[in-house]
Amino acid sequence: MDLSLSTRTVGDRTIVEVGGEIDVYTAPKLREQLVELVNDGSYHLVVDMEGVDFLDSTGLGVLVGGLKRVRAHEGSLRLVCNQERILKIFRITGLTKVFPIHTSVDEAVAATD
Amino acid sequence: MDLSLSTRTVGDRTIVEVGGEIDVYTAPKLREQLVELVNDGSYHLVVDMEGVDFLDSTGLGVLVGGLKRVRAHEGSLRLVCNQERILKIFRITGLTKVFPIHTSVDEAVAATD
Amino acid sequence: MPTVELLFSAQPEHVRTARLVAAAVARRAGVDEAALDEVRLAVGEACSRAVGLHRSNGVEAPVRVMLNEDEKKFSIEVADEVPGNASGGSPDAGADDAADDEGEMGLAVISGLVDDVEVIEGAAGGVIRMSWPTPAV
Amino acid sequence: MPTVELLFSAQPEHVRTARLVAAAVARRAGVDEAALDEVRLAVGEACSRAVGLHRSNGVEAPVRVMLNEDEKKFSIEVADEVPGNASGGSPDAGADDAADDEGEMGLAVISGLVDDVEVIEGAAGGVIRMSWPTPAV
Ligand SMILES: Nc1ncnc2c1ncn2[C@@H]1O[C@H](COP(=O)(O)OP(=O)(O)O)[C@@H](O)[C@H]1O
Ligand SMILES: Nc1ncnc2c1ncn2[C@@H]1O[C@H](COP(=O)(O)OP(=O)(O)O)[C@@H](O)[C@H]1O
């Protein structure tokens with residue numbers, strides 16, 4: 001399955017809903033989307049990964065890149081994910097310490113650290 | 001998907017319901033089934049192909065083999081098939097002239113030529 | 001160089017792998033959704049035939065499937081390593097009638113199904129070459 | 001001789017084909033259903049890394065994936081043709097930091113995921129070798 005992307009705003013947050021496979025083939029599309037959002041001035045992103053079937057390290061790299069970008073603007077990048085097999089990949093790579101990971105979009109939108 | 005096989009009798013006919021893929025890998029199982037039925041004295045077979053997802057020439061070969069076996073006992077082998085992509089394979093190989101093909105098990109059971 | 005190449009030992013179960021790969025790569029290459037069934041069946045037939053030839057002739061080498069994306073077409077070559085005219089010339093031709101019949105039926109299916117097909121019998125083995133149009137990008 | 005071998009030109013879209021083939025053959029070989037996600041991810045990582053190495057080093061040769069069914073295990077080797085220590089020694093190492101980082105993250109995922117894994121850097125290229133147990137038949 002290919003990657004699907006849709007965005008919406010809730011208050012000052014921009015929700016990026018991702019579906020399908022984030023891999024070496026589709027990750028560039030996600031990168032473009034994140035770059036575009038930051039260029040357009042959206043610095044508080046919530047990436048909803050509930051519809052993601054597959055995530056590899058290329059996808060992780062894009063998320064890390066997004067985080068660097070929003071941080072350059074004092075922004076935030078929060079993830080929403082409840083899928084064990086996806087969470088496992090963040091855990092293995094130590095990225096659970098880098099990304100705030102939430103169990104719902106509402107929780108992510110409400111969070112301020 | 002693998003091959004599934006189930007048999008039942010209706011009057012003097014034996015219905016063989018086939019599901020899944022009949023190909024070079026699974027065709028031997030179908031061959032065994034047909035040989036066993038004929039050895040057990042079932043000479044009037046109806047092969048229900050409605051659940052078949054894939055059929056190749058190895059499968060055709062097994063059906064032709066079955067036909068030869070039942071004919072040696074003055075028997076019959078009828079097919080039930082409504083799927084265009086499966087029918088196409090019988091047509092291409094000229095086997096529509098060799099097998100009586102019916103649109104339902106009832107029709108096949110009632111048929112006497 | 002083919003875009004994707006699959007080699008497999010002459011075992012019936014790998015024919016499924018070949019079908020799976022051919023259909024996936026053909027879809028990606030833009031072959032019409034309605035033709036994917038054709039691709040699957042034709043590749044399966046060509047591979048089953050090659051597997052049968054390798055087995056009945058005791059050939060240890062793998063069967064090869066080459067998938068090529070060209071500008072206007074997607075082509076598949078299935079190569080066996082049984083030399084000469086395969087259906088007549090196998091050493092134990094007498095014992096192998098059934099296998100040969102099936103091989104010939106397989107060729108009949110392929111020719112009936114695929115518009116652009118070519119069967120080449122060479123000294124190094126046979127090749128079945130098939131192609132399907134893809135949309136211009 | 002591997003049971004199944006896949007060769008593909010170093011393009012990202014073929015990594016999907018490799019994942020698909022590896023998972024299908026692993027399933028058939030009897031690898032535990034729960035481990036198939038692991039197989040898919042690990043092969044994807046190894047192939048993405050190889051594709052990245054081939055592309056950043058201008059290597060035209062295909063990436064090779066070998067799938068082996070042994071008695072007690074199913075093993076996969078992913079081979080690239082970029083010689084030497086891949087992450088340090090690439091000619092344009094400076095420009096390729098991002099690609100290298102991703103390659104290293106890929107290796108981290110594989111090592112974290114797969115119990116039996118070996119990374120070999122040779123003069124002819126690198127090989128990532130992984131295996132999973134299969135039930136005794
Ligand atoms: N290169 C490929 N190799 C293997 N499988 C593929 C490949 N490309 C697509 N697929 C499979 O084909 C299906 C649909 O592919 P996808 O790329 O999502 O097309 P679409 O965008 O039309 O949905 C999915 O099941 C996917 O796993
Ligand atoms: N050798 C193979 N190559 C490719 N796909 C395969 C292979 N074997 C099985 N599959 C695929 O795996 C799935 C299940 O395989 P199957 O053989 O039917 O197993 P089961 O008998 O457990 O259902 C199917 O989608 C089938 O297409």
# chains A, B, ... in the order shown; residues from 1 in each chain; ligands from 1
call {"tool": "interface_residues", "arguments": {"of": "chain C", "to": "chain B", "cutoff": "12 Å", "atoms": "only C-alpha atoms", "output": "JSON, numbers by chain"}}
result
{"C": [10, 11, 12, 13, 14, 15, 16, 17, 19, 20, 34, 35, 36, 37, 38, 40, 41, 42, 43, 44, 45, 46, 47, 48, 49, 50, 51, 52, 97, 98, 99, 100, 101, 102, 103, 104, 105, 106, 107, 108, 109, 110, 111, 112, 113, 114]}
call {"tool": "interface_residues", "arguments": {"of": "chain D", "to": "chain C", "cutoff": "12 Å", "atoms": "only C-alpha atoms", "output": "PyMOL selection string"}}
result
chain D and resi 1-29+60-69
call {"tool": "atom_distance", "arguments": {"atom1": "CA of Asn57 (chain D)", "atom2": "CA of Val82 (chain D)"}}
result
7.2 Å
call {"tool": "atom_distance", "arguments": {"atom1": "atom 25 (O, counted along the ligand's line) of ligand 1", "atom2": "CA of Asp2 (chain A)"}}
result
8.2 Å
call {"tool": "atom_distance", "arguments": {"atom1": "CA of Val16 (chain B)", "atom2": "atom 16 (P, counted along the ligand's line) of ligand 2"}}
result
20.4 Å
call {"tool": "residues_around", "arguments": {"residues": "Ser42 (chain B)", "least_positions_apart": "3", "cutoff": "9 Å", "atoms": "only C-alpha atoms", "output": "PDB file with N, CA and C atoms, in the first residue's frame"}}
result
ATOM      1  N   ASP B  12     -26.489 -40.472  -7.150  1.00  0.00           N
ATOM      2  CA  ASP B  12     -25.327 -41.256  -7.611  1.00  0.00           C
ATOM      3  C   ASP B  12     -24.149 -40.352  -7.976  1.00  0.00           C
ATOM      4  N   ARG B  13     -24.285 -39.048  -7.691  1.00  0.00           N
ATOM      5  CA  ARG B  13     -23.190 -38.127  -8.047  1.00  0.00           C
ATOM      6  C   ARG B  13     -22.333 -37.804  -6.828  1.00  0.00           C
ATOM      7  N   THR B  14     -21.054 -37.603  -7.077  1.00  0.00           N
ATOM      8  CA  THR B  14     -20.171 -37.127  -6.007  1.00  0.00           C
ATOM      9  C   THR B  14     -19.727 -35.711  -6.350  1.00  0.00           C
ATOM     10  N   GLU B  36      -8.620 -41.346  -5.811  1.00  0.00           N
ATOM     11  CA  GLU B  36      -9.203 -42.048  -4.665  1.00  0.00           C
ATOM     12  C   GLU B  36     -10.701 -42.280  -4.869  1.00  0.00           C
ATOM     13  N   LEU B  37     -11.397 -41.241  -5.317  1.00  0.00           N
ATOM     14  CA  LEU B  37     -12.843 -41.375  -5.547  1.00  0.00           C
ATOM     15  C   LEU B  37     -13.136 -42.476  -6.559  1.00  0.00           C
ATOM     16  N   VAL B  38     -12.394 -42.467  -7.659  1.00  0.00           N
ATOM     17  CA  VAL B  38     -12.629 -43.472  -8.694  1.00  0.00           C
ATOM     18  C   VAL B  38     -12.294 -44.869  -8.155  1.00  0.00           C
ATOM     19  N   ASN B  39     -11.202 -44.969  -7.419  1.00  0.00           N
ATOM     20  CA  ASN B  39     -10.843 -46.264  -6.819  1.00  0.00           C
ATOM     21  C   ASN B  39     -11.919 -46.757  -5.861  1.00  0.00           C
ATOM     22  N   LEU B  45     -18.720 -37.759 -11.270  1.00  0.00           N
ATOM     23  CA  LEU B  45     -18.169 -36.665 -10.470  1.00  0.00           C
ATOM     24  C   LEU B  45     -18.655 -35.309 -10.974  1.00  0.00           C
ATOM     25  N   VAL B  70     -12.775 -41.676 -15.122  1.00  0.00           N
ATOM     26  CA  VAL B  70     -14.194 -42.008 -14.957  1.00  0.00           C
ATOM     27  C   VAL B  70     -14.762 -42.613 -16.250  1.00  0.00           C
ATOM     28  N   GLY B  75     -18.234 -43.532 -16.666  1.00  0.00           N
ATOM     29  CA  GLY B  75     -18.690 -42.497 -15.755  1.00  0.00           C
ATOM     30  C   GLY B  75     -18.723 -41.123 -16.413  1.00  0.00           C
TER      31      GLY B  75
END
call {"tool": "select_by_dssp", "arguments": {"residues": "chain C", "states": "strand (DSSP E or B)", "output": "number ranges by chain"}}
result
C: 4-8, 63-69, 73-79, 116-122, 125-133
call {"tool": "write_last_selection", "arguments": {"atoms": "C-alpha atoms", "output": "mmCIF file, in the first residue's frame"}}
result
data_model
loop_
_atom_site.group_PDB
_atom_site.id
_atom_site.type_symbol
_atom_site.label_atom_id
_atom_site.label_comp_id
_atom_site.auth_asym_id
_atom_site.auth_seq_id
_atom_site.Cartn_x
_atom_site.Cartn_y
_atom_site.Cartn_z
ATOM 1 C CA VAL C 4 14.271 -7.310 -11.337
ATOM 2 C CA GLU C 5 15.510 -10.861 -11.697
ATOM 3 C CA LEU C 6 14.334 -13.899 -9.778
ATOM 4 C CA LEU C 7 16.168 -17.207 -9.663
ATOM 5 C CA PHE C 8 14.717 -20.251 -7.978
ATOM 6 C CA VAL C 63 14.983 -21.288 -13.295
ATOM 7 C CA ARG C 64 15.380 -17.586 -14.163
ATOM 8 C CA VAL C 65 12.713 -14.942 -14.456
ATOM 9 C CA MET C 66 13.710 -11.525 -15.767
ATOM 10 C CA LEU C 67 11.371 -8.577 -15.410
ATOM 11 C CA ASN C 68 12.045 -5.533 -17.569
ATOM 12 C CA GLU C 69 10.423 -2.152 -17.493
ATOM 13 C CA LYS C 73 6.148 -2.100 -22.340
ATOM 14 C CA PHE C 74 6.728 -4.434 -19.473
ATOM 15 C CA SER C 75 8.429 -7.630 -20.554
ATOM 16 C CA ILE C 76 9.078 -10.913 -18.831
ATOM 17 C CA GLU C 77 11.501 -13.626 -19.826
ATOM 18 C CA VAL C 78 11.407 -17.074 -18.274
ATOM 19 C CA ALA C 79 14.528 -19.085 -19.035
ATOM 20 C CA ASP C 116 3.095 -10.548 -27.655
ATOM 21 C CA VAL C 117 4.871 -13.824 -26.948
ATOM 22 C CA GLU C 118 7.923 -15.564 -28.372
ATOM 23 C CA VAL C 119 9.301 -19.013 -27.592
ATOM 24 C CA ILE C 120 13.003 -19.506 -28.281
ATOM 25 C CA GLU C 121 14.711 -22.902 -28.100
ATOM 26 C CA GLY C 122 18.458 -22.492 -27.946
ATOM 27 C CA GLY C 125 18.041 -23.714 -23.027
ATOM 28 C CA GLY C 126 14.671 -22.250 -23.777
ATOM 29 C CA VAL C 127 13.308 -18.778 -23.208
ATOM 30 C CA ILE C 128 9.690 -17.657 -23.166
ATOM 31 C CA ARG C 129 9.484 -13.918 -23.774
ATOM 32 C CA MET C 130 6.234 -12.059 -23.169
ATOM 33 C CA SER C 131 5.304 -8.415 -22.993
ATOM 34 C CA TRP C 132 2.442 -6.140 -22.061
ATOM 35 C CA PRO C 133 1.971 -2.483 -22.916
#
call {"tool": "select_by_dssp", "arguments": {"residues": "chain D", "states": "helix (DSSP H, G or I)", "output": "PyMOL selection string"}}
result
chain D and resi 12-29+33-56+86-89+97-113
